[in-house]
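Engineer: Below is the file final_1.cif, which contains mmCIF, C-alpha atoms.
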data_structure
#
loop_
_atom_site.label_atom_id
_atom_site.label_comp_id
_atom_site.auth_asym_id
_atom_site.auth_seq_id
_atom_site.Cartn_x
_atom_site.Cartn_y
_atom_site.Cartn_z
CA MET Q 1420 0.00 0.00 0.00
CA SER Q 1421 1.41 3.38 -0.99
CA ASP Q 1422 1.89 6.16 1.54
CA LEU Q 1423 -0.99 8.07 -0.03
CA ASP Q 1424 -3.32 5.07 0.15
CA PHE Q 1425 -2.29 4.43 3.72
CA GLU Q 1426 -2.95 8.06 4.62
CA ARG Q 1427 -6.38 7.87 2.99
CA ARG Q 1428 -7.23 4.68 4.85
CA VAL Q 1429 -6.16 6.10 8.20
CA ALA Q 1430 -8.03 9.32 7.48
CA ALA Q 1431 -11.20 7.39 6.63
CA ALA Q 1432 -10.92 5.32 9.80
CA LEU Q 1433 -10.38 8.38 11.99
CA HIS Q 1434 -13.22 10.20 10.29
CA ALA Q 1435 -15.67 7.35 10.81
CA PRO Q 1436 -18.41 8.17 13.31
CA VAL Q 1437 -18.26 6.68 16.79
CA ALA Q 1438 -21.25 5.30 18.61
CA ALA Q 1439 -22.51 7.25 21.59
CA SER Q 1440 -24.08 5.57 24.58
CA ASP Q 1441 -27.79 5.99 25.08
CA GLY Q 1442 -28.66 9.36 26.56
CA ALA Q 1443 -25.16 10.82 26.22
CA ARG Q 1444 -26.46 14.17 24.97
CA GLU Q 1445 -29.23 14.24 27.54
CA ARG Q 1446 -26.68 13.67 30.34
CA ILE Q 1447 -24.87 16.77 29.17
CA MET Q 1448 -28.05 18.83 29.21
CA HIS Q 1449 -28.89 17.42 32.63
CA ARG Q 1450 -25.59 18.71 33.97
CA VAL Q 1451 -26.12 22.04 32.22
CA ARG Q 1452 -29.52 22.46 33.90
CA GLU Q 1453 -28.01 21.50 37.25
CA SER Q 1454 -25.28 24.05 36.69
CA VAL Q 1455 -27.86 26.74 36.00
CA ARG Q 1456 -29.75 25.80 39.16
CA ALA Q 1457 -26.46 26.10 41.06
CA GLY Q 1458 -26.05 29.60 39.65
CA ASN Q 1459 -23.01 28.96 37.48
CA LEU Q 1460 -24.47 30.48 34.33
CA HIS Q 1461 -21.78 31.97 32.10
CA ARG Q 1462 -19.51 32.98 34.92
CA ARG Q 1463 -15.79 33.06 34.54
CA PRO Q 1464 -14.14 30.32 36.59
CA THR Q 1465 -13.23 31.56 40.01
CA PRO Q 1466 -9.90 30.71 41.58
CA LEU Q 1467 -11.74 28.36 43.91
CA ALA Q 1468 -12.94 26.32 40.93
CA THR Q 1469 -9.52 25.51 39.53
CA ARG Q 1470 -8.33 21.94 39.32
CA SER Q 1471 -5.40 22.56 41.65
CA THR Q 1472 -7.77 23.75 44.32
CA ARG Q 1473 -10.11 20.84 43.79
CA HIS Q 1474 -7.15 18.53 44.29
CA SER Q 1475 -6.48 19.93 47.69
CA ILE Q 1476 -8.11 18.81 50.87
CA VAL Q 1477 -9.82 22.17 51.07
CA GLY Q 1478 -11.19 21.60 47.60
CA LEU Q 1479 -12.49 18.19 48.55
CA ALA Q 1480 -14.14 19.62 51.62
CA MET Q 1481 -15.79 22.33 49.54
CA ALA Q 1482 -16.97 19.77 47.03
CA ALA Q 1483 -18.57 17.87 49.87
CA SER Q 1484 -20.18 21.00 51.25
CA ILE Q 1485 -21.99 21.74 48.01
CA GLY Q 1486 -23.46 18.33 47.92
CA SER Q 1487 -21.17 16.30 45.72
CA VAL Q 1488 -21.48 12.62 46.25
CA ALA Q 1489 -18.68 10.38 47.35
CA MET Q 1490 -18.37 6.94 45.89
CA LEU Q 1491 -16.56 4.45 48.05
CA SER Q 1492 -15.61 1.46 46.00
CA THR Q 1493 -13.67 -1.52 47.15
CA ILE Q 1494 -11.26 -3.48 45.07
CA ALA Q 1495 -9.60 -6.66 46.19
CA PRO Q 1496 -5.82 -6.42 45.91
CA HIS Q 1497 -3.80 -8.51 43.51
CA PRO Q 1498 -2.70 -11.78 45.13
CA ALA Q 1499 0.93 -10.77 44.56
CA ALA Q 1500 0.38 -7.70 46.71
CA GLY Q 1501 0.42 -9.86 49.80
CA ARG Q 1502 -0.51 -8.29 53.09
CA GLY Q 1503 1.40 -5.10 52.60
CA THR Q 1504 -0.43 -1.85 53.16
CA ARG Q 1505 -0.08 1.27 51.12
CA SER Q 1506 -1.82 4.56 50.60
CA ALA Q 1507 -1.55 7.30 48.06
CA ALA Q 1508 -3.35 10.25 46.57
CA LEU Q 1509 -5.17 9.28 43.42
CA GLY Q 1510 -5.93 12.35 41.36
CA ASP Q 1511 -8.92 13.99 42.92
CA SER Q 1512 -9.45 10.89 45.04
CA VAL Q 1513 -8.16 9.77 48.40
CA MET Q 1514 -7.33 6.17 49.01
CA GLY Q 1515 -6.08 4.12 51.87
CA THR Q 1516 -6.10 0.57 53.15
CA LEU Q 1517 -8.26 -1.20 55.67
CA ARG Q 1518 -7.05 -4.68 56.61
CA ASP Q 1519 -6.65 -6.46 53.28
CA THR Q 1520 -8.95 -4.15 51.34
CA LEU Q 1521 -7.97 -1.23 49.20
CA ARG Q 1522 -10.43 1.65 49.45
CA LEU Q 1523 -10.93 4.49 47.05
CA MET Q 1524 -12.97 7.58 47.71
CA ARG Q 1525 -13.82 9.89 44.87
CA PHE Q 1526 -15.81 13.08 44.97
CA MET Q 1527 -17.79 13.23 41.79
CA GLN Q 1528 -19.76 15.81 39.90
CA GLU Q 1529 -23.38 15.21 39.08
CA GLY Q 1530 -24.02 13.02 36.08
CA GLU Q 1531 -23.86 9.42 35.11
CA ARG Q 1532 -20.71 7.34 35.40
CA ARG Q 1533 -20.10 3.81 34.27
CA TYR Q 1534 -18.05 1.52 36.48
CA ALA Q 1535 -17.04 -2.10 36.81
CA PHE Q 1536 -15.60 -4.23 39.57
CA VAL Q 1537 -12.16 -5.75 39.40
CA ALA Q 1538 -11.84 -9.01 41.29
CA ASP Q 1539 -8.59 -10.70 42.28
CA GLY Q 1540 -6.73 -8.55 39.80
CA ALA Q 1541 -7.82 -10.93 37.08
CA ARG Q 1542 -11.47 -10.40 36.19
CA TRP Q 1543 -13.80 -7.51 35.87
CA GLY Q 1544 -17.48 -7.17 35.32
CA PRO Q 1545 -20.62 -5.28 36.25
CA ASP Q 1546 -21.75 -4.70 39.79
CA PRO Q 1547 -23.80 -7.86 40.52
CA VAL Q 1548 -26.54 -5.93 42.32
CA THR Q 1549 -27.27 -3.60 39.40
CA ASN Q 1550 -28.66 -4.06 35.94
CA PRO Q 1551 -25.66 -4.14 33.59
CA VAL Q 1552 -25.34 -1.57 30.83
CA ARG Q 1553 -23.43 -2.04 27.61
CA SER Q 1554 -20.54 0.19 26.68
CA ASP Q 1555 -18.30 -0.60 23.74
CA ASP Q 1556 -18.09 -4.37 23.80
CA ARG Q 1557 -18.24 -4.74 27.56
CA LEU Q 1558 -20.85 -4.73 30.23
CA GLY Q 1559 -20.56 -2.52 33.26
CA SER Q 1560 -22.79 -0.75 35.72
CA LEU Q 1561 -24.18 2.75 35.82
CA LEU Q 1562 -23.90 5.13 38.75
CA ARG Q 1563 -26.18 8.18 38.79
CA VAL Q 1564 -24.76 10.96 40.91
CA ALA Q 1565 -27.28 13.59 41.97
CA ARG Q 1566 -27.12 16.66 44.10
CA ASP Q 1567 -28.41 16.16 47.63
CA SER Q 1568 -31.84 17.78 47.80
CA ASN Q 1569 -31.53 18.51 51.55
CA MET S 387 -30.03 28.94 12.97
CA SER S 388 -26.34 29.79 13.25
CA ASP S 389 -24.19 28.87 16.23
CA LEU S 390 -23.91 32.54 17.07
CA ALA S 391 -27.68 32.99 17.06
CA ILE S 392 -28.07 30.03 19.40
CA ILE S 393 -25.36 31.37 21.70
CA THR S 394 -27.16 34.70 21.83
CA ARG S 395 -30.37 32.94 22.83
CA VAL S 396 -28.58 30.97 25.53
CA LEU S 397 -26.93 34.10 26.89
CA ASN S 398 -30.36 35.72 26.98
CA GLY S 399 -31.58 32.97 29.27
CA ASP S 400 -32.84 30.25 26.92
CA VAL S 401 -30.88 27.41 28.48
CA GLU S 402 -32.64 24.73 26.42
CA ALA S 403 -31.32 26.29 23.21
CA TYR S 404 -27.92 24.94 24.24
CA ALA S 405 -29.23 21.43 23.40
CA ARG S 406 -29.12 22.45 19.74
CA LEU S 407 -25.44 23.26 20.03
CA VAL S 408 -24.84 19.95 21.80
CA ASP S 409 -26.70 18.06 19.06
CA ARG S 410 -24.90 19.92 16.32
CA HIS S 411 -21.38 19.40 17.65
CA TYR S 412 -21.62 16.19 19.68
CA ASP S 413 -20.75 13.67 16.97
CA ARG S 414 -17.74 15.63 15.79
CA CYS S 415 -16.46 16.13 19.33
CA ALA S 416 -17.11 12.48 20.21
CA ARG S 417 -15.03 11.41 17.22
CA ILE S 418 -12.15 13.55 18.43
CA ALA S 419 -12.43 12.66 22.11
CA GLN S 420 -12.77 8.92 21.69
CA ARG S 421 -9.77 8.74 19.40
CA ILE S 422 -7.64 10.85 21.69
CA VAL S 423 -8.46 9.10 24.97
CA GLY S 424 -9.00 5.66 23.45
CA ASN S 425 -12.31 4.51 24.90
CA ARG S 426 -15.92 5.59 25.01
CA GLU S 427 -16.29 5.87 28.79
CA ASP S 428 -13.45 8.35 29.23
CA ALA S 429 -14.42 10.17 26.04
CA GLU S 430 -17.98 10.71 27.23
CA GLU S 431 -16.73 11.89 30.60
CA ALA S 432 -14.46 14.36 28.84
CA LEU S 433 -17.33 15.49 26.62
CA GLN S 434 -19.70 16.01 29.55
CA ASP S 435 -17.12 18.18 31.25
CA ALA S 436 -16.20 19.99 28.03
CA PHE S 437 -19.77 20.89 27.05
CA LEU S 438 -20.49 22.01 30.60
CA ARG S 439 -17.35 24.13 30.67
CA ALA S 440 -18.26 25.62 27.31
CA PHE S 441 -21.74 26.44 28.56
CA ASN S 442 -20.43 28.11 31.69
CA ALA S 443 -17.91 30.07 29.65
CA LEU S 444 -20.22 31.13 26.80
CA GLY S 445 -20.03 34.68 28.08
CA ASP S 446 -16.32 34.64 27.25
CA TYR S 447 -16.78 33.35 23.71
CA GLU S 448 -15.67 35.89 21.14
CA GLU S 449 -17.19 36.00 17.69
CA ARG S 450 -13.88 36.36 15.91
CA GLU S 451 -13.27 32.66 16.49
CA ARG S 452 -15.46 29.91 15.07
CA PHE S 453 -17.52 28.32 17.83
CA SER S 454 -16.54 24.84 16.64
CA ALA S 455 -12.85 25.68 17.01
CA TRP S 456 -13.41 27.25 20.43
CA LEU S 457 -15.33 24.16 21.54
CA THR S 458 -12.71 21.81 20.09
CA ARG S 459 -10.04 23.54 22.16
CA ILE S 460 -12.07 22.89 25.31
CA VAL S 461 -12.65 19.26 24.29
CA VAL S 462 -8.95 18.69 23.64
CA ASN S 463 -8.05 20.20 27.02
CA GLN S 464 -10.57 17.95 28.75
CA CYS S 465 -9.16 14.94 26.92
CA ARG S 466 -5.70 15.86 28.16
CA THR S 467 -7.08 16.07 31.69
CA VAL S 468 -8.75 12.67 31.38
CA LEU S 469 -5.58 11.12 29.98
CA ALA S 470 -3.50 12.56 32.84
CA ARG S 471 -6.00 11.23 35.37
CA THR S 472 -5.94 7.80 33.74
CA ARG S 473 -2.15 7.75 33.85
CA ARG S 474 -2.19 8.58 37.57
CA ARG S 475 -4.64 5.77 38.16
CA GLU S 476 -2.54 3.35 36.14
CA ALA S 477 0.56 4.43 38.04
CA VAL S 478 -1.11 3.38 41.28
CA PHE S 479 -2.50 0.10 39.98
CA LEU S 480 0.74 -1.17 38.53
CA ASP S 481 -0.23 -4.76 39.18
CA VAL S 482 -3.64 -4.51 37.50
CA ASP S 483 -3.63 -4.92 33.74
CA PRO S 484 -7.18 -4.61 32.34
CA GLY S 485 -5.98 -5.77 28.96
CA ALA S 486 -4.87 -9.09 30.40
CA MET S 487 -8.05 -9.73 32.36
CA SER S 488 -10.86 -11.98 31.33
CA PHE S 489 -14.24 -10.34 31.13
CA VAL S 490 -17.02 -11.69 33.23
CA ALA S 491 -19.56 -10.43 30.72
CA ILE S 492 -19.04 -9.52 27.11
CA ALA S 493 -21.68 -7.53 25.31
CA PRO S 494 -22.69 -9.15 22.05
CA GLU S 495 -22.52 -6.22 19.67
CA ALA S 496 -19.31 -4.49 18.87
CA ASP S 497 -18.65 -1.85 16.26
CA HIS S 498 -15.16 -2.24 14.86
CA GLY S 499 -14.13 -0.33 11.77
CA TRP S 500 -10.40 -0.94 11.83
CA PRO S 501 -9.75 -2.49 15.24
CA GLU S 502 -5.98 -2.73 14.87
CA LEU S 503 -5.75 0.98 14.16
CA GLU S 504 -7.96 1.90 17.11
CA LYS S 505 -5.72 -0.10 19.44
CA LEU S 506 -2.45 1.09 17.98
CA LEU S 507 -3.47 4.73 18.27
CA ALA S 508 -3.06 4.26 22.00
CA GLN S 509 0.59 3.41 21.47
CA LEU S 510 1.37 6.73 19.85
CA PRO S 511 2.77 9.51 22.02
CA ASP S 512 -0.07 11.78 23.18
CA ALA S 513 1.05 14.77 21.12
CA GLN S 514 1.29 12.71 17.91
CA ARG S 515 -2.09 11.05 18.45
CA GLU S 516 -3.72 14.38 19.21
CA ALA S 517 -2.28 15.98 16.08
CA LEU S 518 -3.29 13.04 13.89
CA VAL S 519 -6.84 13.03 15.24
CA LEU S 520 -7.33 16.76 14.86
CA ARG S 521 -5.98 16.66 11.32
CA TYR S 522 -8.02 13.71 10.08
CA ALA S 523 -10.96 13.21 12.44
CA ASP S 524 -11.90 16.87 12.28
CA ASP S 525 -10.37 17.96 8.94
CA LEU S 526 -8.64 20.89 10.57
CA THR S 527 -5.97 22.92 8.87
CA TYR S 528 -2.58 23.14 10.53
CA GLU S 529 -3.30 26.79 11.25
CA GLU S 530 -6.47 25.85 13.13
CA MET S 531 -4.66 23.02 14.90
CA ALA S 532 -1.98 25.45 16.02
CA ARG S 533 -4.59 27.75 17.57
CA ILE S 534 -6.25 24.83 19.34
CA THR S 535 -3.16 23.07 20.65
CA GLY S 536 -0.81 25.99 21.15
CA ALA S 537 1.89 24.19 19.14
CA GLY S 538 3.54 25.59 16.02
CA GLU S 539 2.40 24.52 12.57
CA SER S 540 5.74 22.98 11.63
CA ALA S 541 5.80 21.01 14.88
CA LEU S 542 2.29 19.76 14.19
CA LYS S 543 3.21 18.68 10.66
CA MET S 544 6.17 16.80 12.05
CA ARG S 545 3.97 15.10 14.67
CA VAL S 546 1.51 13.94 12.01
CA GLN S 547 4.34 12.62 9.81
CA ARG S 548 5.85 10.75 12.73
CA ALA S 549 2.46 9.42 13.77
CA PHE S 550 1.95 7.97 10.29
CA ALA S 551 5.39 6.41 10.29
CA ARG S 552 4.88 4.93 13.73
CA LEU S 553 1.40 3.63 12.88
CA ARG S 554 2.66 2.03 9.72
CA ALA S 555 5.44 0.30 11.61
CA LEU S 556 3.10 -0.89 14.34
CA LEU S 557 0.51 -2.13 11.87
CA SER S 558 3.12 -4.05 9.93
CA GLU S 559 3.84 -5.97 13.11
CA VAL S 560 0.25 -7.17 13.43
CA ALA S 561 -0.62 -7.51 9.75
CA HIS S 562 0.89 -6.91 6.37
CA VAL S 563 -0.31 -3.50 5.25
#
Mind converting the file's structure to structure tokens?
Structural biologist:
Amino acid sequence: MSDLDFERRVAAALHAPVAASDGARERIMHRVRESVRAGNLHRRPTPLATRSTRHSIVGLAMAASIGSVAMLSTIAPHPAAGRGTRSAALGDSVMGTLRDTLRLMRFMQEGERRYAFVADGARWGPDPVTNPVRSDDRLGSLLRVARDSN
Amino acid sequence: MSDLAIITRVLNGDVEAYARLVDRHYDRCARIAQRIVGNREDAEEALQDAFLRAFNALGDYEERERFSAWLTRIVVNQCRTVLARTRRREAVFLDVDPGAMSFVAIAPEADHGWPELEKLLAQLPDAQREALVLRYADDLTYEEMARITGAGESALKMRVQRAFARLRALLSEVAHV
């Protein structure tokens, strides 16, 4: 295949449409409406809304105070990890260990998030207590994060 | 109705008019995001954040720039954020390799145009993949790409050339091209 043909083939592949999950556009509009209700309409970002601030403990506390929802998921460690304990900051998450369980805590914005469980470092699949949803060629679970109405 | 007319309506308080902008630009942005970050979940997360950021910043949008280019810049920045977050997560879970895991449940339908290419895109350096996607998934000129990425036109041309060379080499390893 000539360079030109290869370029055309790559271009065609990159230009091909991608499938969106059901309700993807509506989820965006849902967050837009929530943002309007929160009074964020067309304002310039304030210093308190920057990513660096959100990464800080203060930022996490503020996120909690405005009603963000924390998801605490538990993932069994890889067998090779043994009984060692470890903790680290994970992006805008905080994680630590409890006995032989690794815990993640993530403050999330409103919207829908897909997730899956990793078991024994070898398998993953949907949350068994939820109805699975399809994404790409895999099944996972859907978490709807909403603002606390209280 | 033009993008500018819709923006004017949104700025005048018609929030629902923004749905028309989302509809109009979603597919194009999804094509860019999914090919930059490599999977639909992260791409849709980046798109949610990007469209929300664009909405909240509409008051800052200036007419001298095409709305699509302005939005693309926000999408690309969100994709970079998602990629950085994914890398941090992968750095923590060094002993977890999703690619090597067996799937408990496999959905029956899969849409694969050129699966090898989709996978090998992930092996390109971020800057090369981003340049390639913007050039061919969105038909941007190098001048537009330069405004969006902040890189120089010659650097972007070089990245695209190198991306092609790297892709060709990688593809020859999995199949005769």
Engineer: Show me, as a VMD selection string, the residues that have an atom within 10 Å of range 404-407 of chain S when counting all atoms listed in the file, minus same-chain residues fewer than 6 positions from it.
Structural biologist: (chain Q and resid 1444 to 1445 1447 to 1448 1451) or (chain S and resid 387 to 390 392 to 393 395 to 397 437 441 453 to 454)
Engineer: Name the residues in contact with range 1424-1426 of chain Q at a cut-off of 8 Å, using all atoms listed in the file, excluding same-chain residues fewer than 4 positions from it; report them as a VMD selection string.
Structural biologist: (chain Q and resid 1420 1430) or (chain S and resid 550)
Engineer: Go through S:Tyr528, S:Trp500, S:Tyr522, S:Tyr412 one by one, measure the shortest atom-to-atom distance of each to Ala436 in chain S using all atoms listed in the file, and give the residue with the smallest value.
Structural biologist: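 Between S:Tyr528, S:Trp500, S:Tyr522, S:Tyr412, the residue approaching Ala436 in chain S most closely is S:Tyr412.
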Engineer: Could you state the separation of CA of Lys505 in chain S and CA of Glu1531 in chain Q in Å, given to one decimal place?
Structural biologist: 25.8 Å
Engineer: Env of Ser540 in chain S: 12 Å cut, atoms = all atoms listed in the file, seq-sep filter 3 positions within chain, self excluded. Answer as a ChimeraX atom specification.
Structural biologist: /S:517,528-529,531-532,536-537,543-547
Engineer: Generate a file of the selected residues that holds C-alpha atoms, formatted as a compact mmCIF listing (two decimals), keeping the file's coordinate frame.
Structural biologist:
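As written to disk, selection30.txt reads:
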# COMPACT_ATOMS: atom_id res chain seq x y z
CA ALA S 517 -2.28 15.98 16.08
CA TYR S 528 -2.58 23.14 10.53
CA GLU S 529 -3.30 26.79 11.25
CA MET S 531 -4.66 23.02 14.90
CA ALA S 532 -1.98 25.45 16.02
CA GLY S 536 -0.81 25.99 21.15
CA ALA S 537 1.89 24.19 19.14
CA LYS S 543 3.21 18.68 10.66
CA MET S 544 6.17 16.80 12.05
CA ARG S 545 3.97 15.10 14.67
CA VAL S 546 1.51 13.94 12.01
CA GLN S 547 4.34 12.62 9.81
Engineer: With all atoms listed in the file as the atoms that count, which of S:Arg515, S:Arg439, S:Arg426, S:Arg421 lies nearest to Arg459 in chain S?
Structural biologist: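 The closest residue to Arg459 in chain S is S:Arg439.
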Engineer: Provide the CA of Asp409 in chain S to CA of Leu469 in chain S distance in Å, to one decimal place.
Structural biologist: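 One can read the CA of Asp409 in chain S to CA of Leu469 in chain S distance as 24.8 Å.
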Engineer: Can you tell me how far CA of Ser558 in chain S sits from CA of Gln509 in chain S, in Å to one decimal?
Structural biologist: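 For CA of Ser558 in chain S relative to CA of Gln509 in chain S, the distance reads 14.0 Å.
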Engineer: Write out as a count of residues only which residues come within 10 Å of Val462 in chain S when counting only C-alpha atoms, dropping same-chain ones fewer than 5 positions away.
Structural biologist: 15
Engineer: Could you check which of S:Gly538, S:Pro511, S:Gly399, S:Gly445 is closest to chain Q, using all atoms listed in the file?
Structural biologist: S:Gly445
Engineer: Padding of 3 Å on every side, edges along x, y and z, all listed atoms of range 400-412 of chain S included: what centre and edge lengths in Å, to one decimal, does that box have, as lines of an AutoDock Vina configuration file?
Structural biologist:
center_x = -27.1
center_y = 23.2
center_z = 22.4
size_x = 17.5
size_y = 20.1
size_z = 18.2
Engineer: With all atoms listed in the file as the atoms that count, which of Q:Gly1458, Q:Gly1544, Q:Pro1551, Q:Gly1559 lies nearest to chain S?
Structural biologist: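 Between Q:Gly1458, Q:Gly1544, Q:Pro1551, Q:Gly1559, the residue approaching chain S most closely is Q:Gly1544.
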